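All remarks here apply to the structure that follows.
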Amino acid sequence: YNDLVIITKGGRVKLSELQTTAKDFKTENMGCCLKDRDILQLSSWLGEDCHFKLLYKISRDGGSAEKFHELCDNKGPTVTIFYNTDNNVYGGYLSRSWQRSGGWITDGSSFLFQLYSNRKWNPNMFEVKDTESNVYFDEDHGPKFEDLNSFSGIIEKTSDYYEMIKDDLFRNSYYETRDNDAESIANGHNNVTDLEVYLVKEGLRKPWQEPPVWEPQTLESLKKFIGSFEPNEELNVPEVNILLVGQVGAGKSSVVNTINSIWKGEISTRSWAGSSEHSLTTSFTRYKIRDPSTGTYLKFRLCDMRGLEGDMNVKSEDIASLLDGHIPNKYKFNPAAPATKDTPGFVKEPTIKDMIHTVVFVIDGSNVEVMPDEIVKKLKDIKEMLIVRDIPLMVFETKIDKVCSEVDKDVEEVFYSETVKTSVDKVADVIAIPRSHVFPIKNYEKEGSLQTGISILALRALKQALLFSEDFLENQS
């Protein structure tokens with residue numbers, strides 16, 4: 001074709017007008033991740049339905065044998081995928097776990113394969129010829145098969161690709177490539193735009209909710225959205241107010257600390273958090289989160305209040321005053337008496353900027369089955385106040401690592417966990433809100449450093465709270 005015209009709601013865009021080279025366009029279309037067709041083909045060769053979890057990606061984790069072994073050793077069977085610069089995709093399957101030592105070992109179940117040839121679907125499986133040593137374990141090497149090697153030590157990106165070892169590439173010595181060779185499979189070279197290692201697990205899985213892409217780019221995209229978020233200028237609201245409500249110990253204050261940690265870039269503590277017989281939070285506090293990269297505060301405030309508890313509950317009058325914008329910052333809740341017009345700092349004529357724009361119920365997912373009746377009733381009473389005021393409501397379901405042991409090991413399993421799904425369904429039923437308004441998250445508690453998966457879950461939930469706040473302000477305007 002001479003050109004390609006993309007017609008959108010916003011108008012027409014010509015491919016010739018895009019600042020993209022033909023080579024970039026081809027590479028972008030091929031992508032560097034397993035597609036559904038690839039998964040089905042690999043599963044067919046393995047003889048059973050499988051799913052694949054990304055362990056190592058050279059463009060993300062760096063070209064270091066040390067890093068490869070750190071992320072891939074002792075994990076179980078894997079497939080290694082090479083994304084050749086000429087849009088050839090090939091790789092190898094190892095039925096054992098990668099190890100730092102052992103030298104040449106024999107894996108009679110291993111095989112090499114081809115998925116794409118010059119960007120065209122061309123699946124081929126190359127079985128091992130005999131049981132001679134065919135896979136190499138060494139701390140100074142990346143994934144290494146006979147007839148298919150990767151790199152040793154540290155490899156740097158040259159221009160737009162990584163120059164992998166091409167010695168003995170598809171030489172038909174240990175794996176039966178038949179009439180195929182390095183030229184037909186890889187265009188005679190082993191230069192790749194990416195290399196990935198996936199853990200192979202039995203059984204195809206369907207997530208109960210579409211999971212995010214667990215990549216640093218996803219986290220950066222969320223941070224970019226939140227960092228650039230601004231309320232409707234017409235209403236003169238400098239930042240939106242998000243109120244956190246929950247039972248004592250549910251993790252309200254930890255939500256504040258988690259969000260602040262993500263923006264600070266390290267574990268931090270803005271609010272007291274932990275276990276206690278009564279609420280550690282006794283005052284109403286509006287927390288502003290600062291973006292260190294710009295030195296400015298983000299356009300939202302996380303509002304923390306006293307935790308709900310049986311005999312020392314926050315007065316309904318105080319909650320109503322809080323929603324309407326009467327309660328001043330640092331107001332100390334009195335379980336015996338609500339705030340009045342005579343309370344110091346009481347805002348007698350609040351404007352929309354003083355009001356609460358979205359309410360988040362913070363609910364302990366591991367405790368939802370035994371949540372006290374009086375707490376459930378209090379939450380439902382608050383929900384009725386929100387309905388009257390047209391204030392959006394959502395739920396952050398915390399402690400999902402205690403709900404499911406697999407999620408405790410790997411938070412990225414959250415949307416595949418039937419236990420978490422059941423817990424989310426239970427929360428949605430108890431509060432009587434759509435399941436899409438319940439966001440499973442894990443606060444930073446035992447971690448000593450930030451983790452991409454935990455941060456993505458938290459910011460994904462925060463982004464929705466901002467969007468709900470925007471909806472509320474639009475309704476007010």
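Residue numbers start at 1 in each chain; chains themselves are named A, B, ... in the order of the structure tokens; ligands are numbered from 1 in the order shown.
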Near Asp140 in chain A, counting only C-alpha atoms, which residues have an atom at most 12 Å away, once you skip same-chain residues fewer than 4 positions from it, shown as a list in words?
Gly63, Ser64, Ala65, Glu66, Lys67, Phe68, His69, Glu70, Gln99, Arg100, Ser101, Gly102, Gly103, Tyr136, Lys144, Ser150, Phe151, Ser152, Gly153, Ile154 and Ile155 of chain A
Go ahead and dump the residues you just picked, N, CA, C and O atoms, as a PDB file, in the first residue's frame.
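Heads up, here's the output in out_32.pdb:
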ATOM      1  N   GLY A  63      20.504  -7.168  31.108  1.00  0.00           N
ATOM      2  CA  GLY A  63      21.208  -8.308  30.550  1.00  0.00           C
ATOM      3  C   GLY A  63      22.291  -8.818  31.474  1.00  0.00           C
ATOM      4  O   GLY A  63      23.481  -8.693  31.181  1.00  0.00           O
ATOM      5  N   SER A  64      21.896  -9.399  32.591  1.00  0.00           N
ATOM      6  CA  SER A  64      22.837  -9.898  33.594  1.00  0.00           C
ATOM      7  C   SER A  64      22.516 -11.344  33.922  1.00  0.00           C
ATOM      8  O   SER A  64      21.371 -11.679  34.246  1.00  0.00           O
ATOM      9  N   ALA A  65      23.535 -12.225  33.834  1.00  0.00           N
ATOM     10  CA  ALA A  65      23.337 -13.627  34.207  1.00  0.00           C
ATOM     11  C   ALA A  65      22.925 -13.735  35.670  1.00  0.00           C
ATOM     12  O   ALA A  65      22.105 -14.578  36.037  1.00  0.00           O
ATOM     13  N   GLU A  66      23.481 -12.861  36.509  1.00  0.00           N
ATOM     14  CA  GLU A  66      23.127 -12.846  37.925  1.00  0.00           C
ATOM     15  C   GLU A  66      21.630 -12.587  38.107  1.00  0.00           C
ATOM     16  O   GLU A  66      20.953 -13.261  38.889  1.00  0.00           O
ATOM     17  N   LYS A  67      21.094 -11.601  37.385  1.00  0.00           N
ATOM     18  CA  LYS A  67      19.671 -11.259  37.497  1.00  0.00           C
ATOM     19  C   LYS A  67      18.801 -12.377  36.947  1.00  0.00           C
ATOM     20  O   LYS A  67      17.745 -12.697  37.509  1.00  0.00           O
ATOM     21  N   PHE A  68      19.232 -12.969  35.848  1.00  0.00           N
ATOM     22  CA  PHE A  68      18.491 -14.085  35.270  1.00  0.00           C
ATOM     23  C   PHE A  68      18.334 -15.211  36.294  1.00  0.00           C
ATOM     24  O   PHE A  68      17.237 -15.731  36.512  1.00  0.00           O
ATOM     25  N   HIS A  69      19.431 -15.578  36.951  1.00  0.00           N
ATOM     26  CA  HIS A  69      19.366 -16.669  37.930  1.00  0.00           C
ATOM     27  C   HIS A  69      18.574 -16.270  39.169  1.00  0.00           C
ATOM     28  O   HIS A  69      17.863 -17.090  39.757  1.00  0.00           O
ATOM     29  N   GLU A  70      18.660 -15.017  39.552  1.00  0.00           N
ATOM     30  CA  GLU A  70      17.905 -14.544  40.710  1.00  0.00           C
ATOM     31  C   GLU A  70      16.405 -14.697  40.489  1.00  0.00           C
ATOM     32  O   GLU A  70      15.662 -15.076  41.406  1.00  0.00           O
ATOM     33  N   GLN A  99      19.437 -23.557  37.213  1.00  0.00           N
ATOM     34  CA  GLN A  99      20.306 -23.575  38.390  1.00  0.00           C
ATOM     35  C   GLN A  99      21.577 -22.785  38.107  1.00  0.00           C
ATOM     36  O   GLN A  99      21.967 -22.586  36.955  1.00  0.00           O
ATOM     37  N   ARG A 100      22.221 -22.335  39.178  1.00  0.00           N
ATOM     38  CA  ARG A 100      23.480 -21.594  39.035  1.00  0.00           C
ATOM     39  C   ARG A 100      24.669 -22.509  38.747  1.00  0.00           C
ATOM     40  O   ARG A 100      25.721 -22.044  38.309  1.00  0.00           O
ATOM     41  N   SER A 101      24.535 -23.773  39.048  1.00  0.00           N
ATOM     42  CA  SER A 101      25.667 -24.689  38.861  1.00  0.00           C
ATOM     43  C   SER A 101      25.154 -26.049  38.413  1.00  0.00           C
ATOM     44  O   SER A 101      23.951 -26.339  38.489  1.00  0.00           O
ATOM     45  N   GLY A 102      26.071 -26.876  37.931  1.00  0.00           N
ATOM     46  CA  GLY A 102      25.712 -28.206  37.462  1.00  0.00           C
ATOM     47  C   GLY A 102      26.329 -28.543  36.133  1.00  0.00           C
ATOM     48  O   GLY A 102      26.411 -29.709  35.735  1.00  0.00           O
ATOM     49  N   GLY A 103      26.773 -27.503  35.400  1.00  0.00           N
ATOM     50  CA  GLY A 103      27.384 -27.742  34.097  1.00  0.00           C
ATOM     51  C   GLY A 103      26.377 -28.311  33.108  1.00  0.00           C
ATOM     52  O   GLY A 103      25.187 -28.006  33.151  1.00  0.00           O
ATOM     53  N   TYR A 136      22.824 -26.258  29.695  1.00  0.00           N
ATOM     54  CA  TYR A 136      23.986 -25.865  30.504  1.00  0.00           C
ATOM     55  C   TYR A 136      23.564 -24.989  31.679  1.00  0.00           C
ATOM     56  O   TYR A 136      22.881 -23.974  31.504  1.00  0.00           O
ATOM     57  N   LYS A 144      20.872 -21.401  28.363  1.00  0.00           N
ATOM     58  CA  LYS A 144      21.759 -21.966  27.344  1.00  0.00           C
ATOM     59  C   LYS A 144      21.360 -23.398  27.019  1.00  0.00           C
ATOM     60  O   LYS A 144      21.412 -24.287  27.868  1.00  0.00           O
ATOM     61  N   SER A 150      22.280 -17.929  24.653  1.00  0.00           N
ATOM     62  CA  SER A 150      21.842 -16.547  24.833  1.00  0.00           C
ATOM     63  C   SER A 150      23.032 -15.621  25.093  1.00  0.00           C
ATOM     64  O   SER A 150      23.560 -15.010  24.176  1.00  0.00           O
ATOM     65  N   PHE A 151      23.473 -15.524  26.335  1.00  0.00           N
ATOM     66  CA  PHE A 151      24.574 -14.612  26.653  1.00  0.00           C
ATOM     67  C   PHE A 151      25.302 -15.106  27.886  1.00  0.00           C
ATOM     68  O   PHE A 151      24.819 -15.977  28.625  1.00  0.00           O
ATOM     69  N   SER A 152      26.469 -14.569  28.113  1.00  0.00           N
ATOM     70  CA  SER A 152      27.231 -14.882  29.318  1.00  0.00           C
ATOM     71  C   SER A 152      27.605 -13.580  30.014  1.00  0.00           C
ATOM     72  O   SER A 152      27.758 -12.537  29.366  1.00  0.00           O
ATOM     73  N   GLY A 153      27.732 -13.640  31.343  1.00  0.00           N
ATOM     74  CA  GLY A 153      28.124 -12.461  32.106  1.00  0.00           C
ATOM     75  C   GLY A 153      27.091 -11.362  32.011  1.00  0.00           C
ATOM     76  O   GLY A 153      25.927 -11.529  32.369  1.00  0.00           O
ATOM     77  N   ILE A 154      27.518 -10.227  31.474  1.00  0.00           N
ATOM     78  CA  ILE A 154      26.637  -9.068  31.300  1.00  0.00           C
ATOM     79  C   ILE A 154      26.628  -8.672  29.833  1.00  0.00           C
ATOM     80  O   ILE A 154      27.676  -8.578  29.198  1.00  0.00           O
ATOM     81  N   ILE A 155      25.446  -8.447  29.296  1.00  0.00           N
ATOM     82  CA  ILE A 155      25.324  -8.030  27.908  1.00  0.00           C
ATOM     83  C   ILE A 155      24.619  -6.682  27.853  1.00  0.00           C
ATOM     84  O   ILE A 155      23.601  -6.474  28.509  1.00  0.00           O
TER      85      ILE A 155
END
Find the residues near range 468-475 of chain A: any atom within 8 Å, counting only C-alpha atoms, skip ones fewer than 5 places away on the same chain, and give them as an NGL selection string.
:A and (231-232 or 235 or 240-242 or 357-358 or 390-392)
Spatial neighbours of Asn88 in chain A, 6 Å, only C-alpha atoms, chain gap at least 2 places, as a list in words:
Asn84, Asp86, Tyr116, Ser117, Asn118 and Ala186 of chain A
Asp291 in chain A surroundings by only C-alpha atoms, 10 Å radius, close-in-sequence under 2 positions cut, as a PyMOL selection string
chain A and resi 223+227+260+262-265+288-289+293-298
Hey, what's within 9 Å of Lys57 in chain A if we count only C-alpha atoms and toss same-chain stuff fewer than 4 positions away? As JSON, numbers by chain, please?
{"A": [61, 62, 63, 68, 194, 195, 196, 197, 198]}
Please, could you write that set of residues out with N, CA, C and O atoms as a PDB file, in the first residue's frame?
ATOM      1  N   ASP A  61      14.670  -6.210  33.007  1.00  0.00           N
ATOM      2  CA  ASP A  61      15.493  -6.612  34.156  1.00  0.00           C
ATOM      3  C   ASP A  61      16.989  -6.472  33.927  1.00  0.00           C
ATOM      4  O   ASP A  61      17.769  -6.600  34.869  1.00  0.00           O
ATOM      5  N   GLY A  62      17.380  -6.209  32.673  1.00  0.00           N
ATOM      6  CA  GLY A  62      18.797  -6.042  32.382  1.00  0.00           C
ATOM      7  C   GLY A  62      19.458  -7.325  31.921  1.00  0.00           C
ATOM      8  O   GLY A  62      19.039  -8.425  32.275  1.00  0.00           O
ATOM      9  N   GLY A  63      20.504  -7.168  31.108  1.00  0.00           N
ATOM     10  CA  GLY A  63      21.208  -8.308  30.550  1.00  0.00           C
ATOM     11  C   GLY A  63      22.291  -8.818  31.474  1.00  0.00           C
ATOM     12  O   GLY A  63      23.481  -8.693  31.181  1.00  0.00           O
ATOM     13  N   PHE A  68      19.232 -12.969  35.848  1.00  0.00           N
ATOM     14  CA  PHE A  68      18.491 -14.085  35.270  1.00  0.00           C
ATOM     15  C   PHE A  68      18.334 -15.211  36.294  1.00  0.00           C
ATOM     16  O   PHE A  68      17.237 -15.731  36.512  1.00  0.00           O
ATOM     17  N   ASP A 194      14.404  -8.436  22.364  1.00  0.00           N
ATOM     18  CA  ASP A 194      14.059  -8.825  23.733  1.00  0.00           C
ATOM     19  C   ASP A 194      14.237 -10.325  23.903  1.00  0.00           C
ATOM     20  O   ASP A 194      14.276 -11.085  22.921  1.00  0.00           O
ATOM     21  N   LEU A 195      14.347 -10.727  25.157  1.00  0.00           N
ATOM     22  CA  LEU A 195      14.402 -12.127  25.524  1.00  0.00           C
ATOM     23  C   LEU A 195      13.590 -12.288  26.796  1.00  0.00           C
ATOM     24  O   LEU A 195      13.738 -11.505  27.733  1.00  0.00           O
ATOM     25  N   GLU A 196      12.715 -13.293  26.804  1.00  0.00           N
ATOM     26  CA  GLU A 196      11.846 -13.495  27.960  1.00  0.00           C
ATOM     27  C   GLU A 196      11.915 -14.941  28.429  1.00  0.00           C
ATOM     28  O   GLU A 196      12.071 -15.861  27.617  1.00  0.00           O
ATOM     29  N   VAL A 197      11.759 -15.132  29.727  1.00  0.00           N
ATOM     30  CA  VAL A 197      11.689 -16.470  30.308  1.00  0.00           C
ATOM     31  C   VAL A 197      10.371 -16.556  31.073  1.00  0.00           C
ATOM     32  O   VAL A 197      10.101 -15.737  31.953  1.00  0.00           O
ATOM     33  N   TYR A 198       9.547 -17.545  30.712  1.00  0.00           N
ATOM     34  CA  TYR A 198       8.245 -17.735  31.345  1.00  0.00           C
ATOM     35  C   TYR A 198       8.217 -19.032  32.151  1.00  0.00           C
ATOM     36  O   TYR A 198       8.705 -20.073  31.691  1.00  0.00           O
TER      37      TYR A 198
END
Report as CSV the residues of range 216-334 of chain A within 9 Å of range 364-381 of chain A, each with its shortest atom pair and distance in Å (one decimal), using only C-alpha atoms, ordered by chain and increasing residue number.
residue,atom,partner,partner_atom,distance
A:Val245,CA,A:Leu379,CA,8.4
A:Gly246,CA,A:Leu379,CA,8.0
A:Gln247,CA,A:Ile375,CA,6.9
A:Gly249,CA,A:Asp364,CA,7.8
A:Ala250,CA,A:Asp364,CA,4.8
A:Gly251,CA,A:Asp364,CA,7.3
A:Leu308,CA,A:Ile375,CA,6.8
A:Glu309,CA,A:Ile375,CA,6.8
A:Gly310,CA,A:Glu374,CA,6.3
A:Asn313,CA,A:Lys378,CA,8.6
A:Ser316,CA,A:Asp381,CA,8.3
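On the backbone of this structure, DSSP gives alpha helix (DSSP H) within range 227-307 of chain A to Gly227, Ser228, Lys252, Ser253, Ser254, Val255, Val256, Asn257, Thr258, Ile259, Asn260, Ser261, Ile262, Trp263 and Lys264 of chain A.
Distance check against Gly142 in chain A using only C-alpha atoms: of A:Thr80, A:Ser405, A:Ser423, A:Asn443, the minimum falls on A:Thr80.
Nearest to Ile387 in chain A of all the residues A:Ile454, A:Ile433, A:Ile39, A:Val420 is A:Ile433, based on only C-alpha atoms.
Neighbouring residues of Ile352 in chain A at 8 Å or closer, counting only C-alpha atoms and skipping chain neighbours under 2 positions away, are A:Leu235, A:Val237, A:Gly325, A:Pro350, A:Asp354, A:Met355.
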Selected residues, N, CA and C atoms, written as a PDB file, in the first residue's frame, please.
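Output below, filename selection00.pdb:
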ATOM      1  N   LEU A 235     -15.518  25.028  39.354  1.00  0.00           N
ATOM      2  CA  LEU A 235     -16.083  24.925  40.697  1.00  0.00           C
ATOM      3  C   LEU A 235     -15.141  25.467  41.771  1.00  0.00           C
ATOM      4  N   VAL A 237     -12.415  24.220  43.016  1.00  0.00           N
ATOM      5  CA  VAL A 237     -12.035  23.157  43.953  1.00  0.00           C
ATOM      6  C   VAL A 237     -10.564  22.836  43.705  1.00  0.00           C
ATOM      7  N   GLY A 325     -18.792  18.993  54.924  1.00  0.00           N
ATOM      8  CA  GLY A 325     -17.692  19.958  54.949  1.00  0.00           C
ATOM      9  C   GLY A 325     -17.622  20.836  56.180  1.00  0.00           C
ATOM     10  N   PRO A 350     -19.937  25.840  54.686  1.00  0.00           N
ATOM     11  CA  PRO A 350     -18.979  25.154  53.806  1.00  0.00           C
ATOM     12  C   PRO A 350     -19.344  25.321  52.333  1.00  0.00           C
ATOM     13  N   ASP A 354     -14.983  22.154  50.521  1.00  0.00           N
ATOM     14  CA  ASP A 354     -14.869  21.611  51.880  1.00  0.00           C
ATOM     15  C   ASP A 354     -15.520  20.238  52.009  1.00  0.00           C
ATOM     16  N   MET A 355     -16.396  19.914  51.084  1.00  0.00           N
ATOM     17  CA  MET A 355     -17.174  18.678  51.166  1.00  0.00           C
ATOM     18  C   MET A 355     -16.319  17.462  50.841  1.00  0.00           C
TER      19      MET A 355
END
Contact residues around Thr285 in chain A with only C-alpha atoms at 6 Å, ignoring same-chain residues under 2 positions, as number ranges by chain
A: 303-304, 329-330
Output the selection as a PDB file, in the first residue's frame - all heavy atoms for each residue.
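Written file, result-v3.pdb:
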ATOM      1  N   CYS A 303      -8.492  11.680  53.322  1.00  0.00           N
ATOM      2  CA  CYS A 303      -9.040  12.104  54.613  1.00  0.00           C
ATOM      3  C   CYS A 303      -9.244  10.893  55.514  1.00  0.00           C
ATOM      4  O   CYS A 303     -10.069  10.019  55.215  1.00  0.00           O
ATOM      5  CB  CYS A 303     -10.361  12.835  54.404  1.00  0.00           C
ATOM      6  SG  CYS A 303     -10.232  14.235  53.261  1.00  0.00           S
ATOM      7  N   ASP A 304      -8.498  10.854  56.602  1.00  0.00           N
ATOM      8  CA  ASP A 304      -8.567   9.736  57.540  1.00  0.00           C
ATOM      9  C   ASP A 304      -9.393  10.135  58.756  1.00  0.00           C
ATOM     10  O   ASP A 304      -9.343  11.294  59.204  1.00  0.00           O
ATOM     11  CB  ASP A 304      -7.154   9.332  57.966  1.00  0.00           C
ATOM     12  CG  ASP A 304      -7.104   7.940  58.583  1.00  0.00           C
ATOM     13  OD1 ASP A 304      -8.140   7.243  58.551  1.00  0.00           O
ATOM     14  OD2 ASP A 304      -6.028   7.563  59.094  1.00  0.00           O
ATOM     15  N   ASN A 329     -10.033  20.349  59.861  1.00  0.00           N
ATOM     16  CA  ASN A 329      -8.874  19.459  59.923  1.00  0.00           C
ATOM     17  C   ASN A 329      -8.385  19.355  61.368  1.00  0.00           C
ATOM     18  O   ASN A 329      -8.419  20.322  62.121  1.00  0.00           O
ATOM     19  CB  ASN A 329      -7.761  20.000  59.027  1.00  0.00           C
ATOM     20  CG  ASN A 329      -6.673  18.969  58.777  1.00  0.00           C
ATOM     21  OD1 ASN A 329      -6.945  17.782  58.675  1.00  0.00           O
ATOM     22  ND2 ASN A 329      -5.433  19.430  58.671  1.00  0.00           N
ATOM     23  N   LYS A 330      -7.989  18.149  61.755  1.00  0.00           N
ATOM     24  CA  LYS A 330      -7.470  17.850  63.095  1.00  0.00           C
ATOM     25  C   LYS A 330      -8.543  17.832  64.181  1.00  0.00           C
ATOM     26  O   LYS A 330      -8.217  17.840  65.373  1.00  0.00           O
ATOM     27  CB  LYS A 330      -6.352  18.829  63.488  1.00  0.00           C
ATOM     28  CG  LYS A 330      -5.126  18.792  62.586  1.00  0.00           C
ATOM     29  CD  LYS A 330      -4.497  17.410  62.577  1.00  0.00           C
ATOM     30  CE  LYS A 330      -3.259  17.349  61.699  1.00  0.00           C
ATOM     31  NZ  LYS A 330      -2.668  15.995  61.672  1.00  0.00           N
TER      32      LYS A 330
END
If you run DSSP over the backbone, which residues in range 33-240 of chain A end up strand (DSSP E)? Put them as number ranges by chain.
A: 50-57, 78-84, 89-94, 103-105, 111-117, 120-127, 135-137, 162-163, 191-202, 240
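Proximity of A:Glu266, A:Glu127, A:Glu132, A:Glu239 to Gly448 in chain A, computed with only C-alpha atoms, is greatest for A:Glu266.
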Select, from A:Glu176, A:Glu406, A:Glu210, A:Asp181, the residue with the minimum atom-to-atom distance to Asp130 in chain A, counting only C-alpha atoms.
A:Glu176
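With only C-alpha atoms as the atoms that count, the minimum distance from Leu169 in chain A to the choices A:Phe145, A:Trp214, A:Tyr287, A:Phe346 is reached by A:Phe145.
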Separation of CA of Leu243 in chain A and CA of Leu457 in chain A, in Å?
18.6 Å
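Straight-line separation from CA of Tyr444 in chain A to CA of Thr258 in chain A: 5.6 Å.
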CA of His189 in chain A to CA of Glu156 in chain A, straight-line distance in Å:
17.0 Å
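In terms of minimum interatomic distance to Asn334 in chain A, A:Lys315 ranks closest within A:Lys157, A:Lys315, A:Lys75, A:Arg60, counting only C-alpha atoms.
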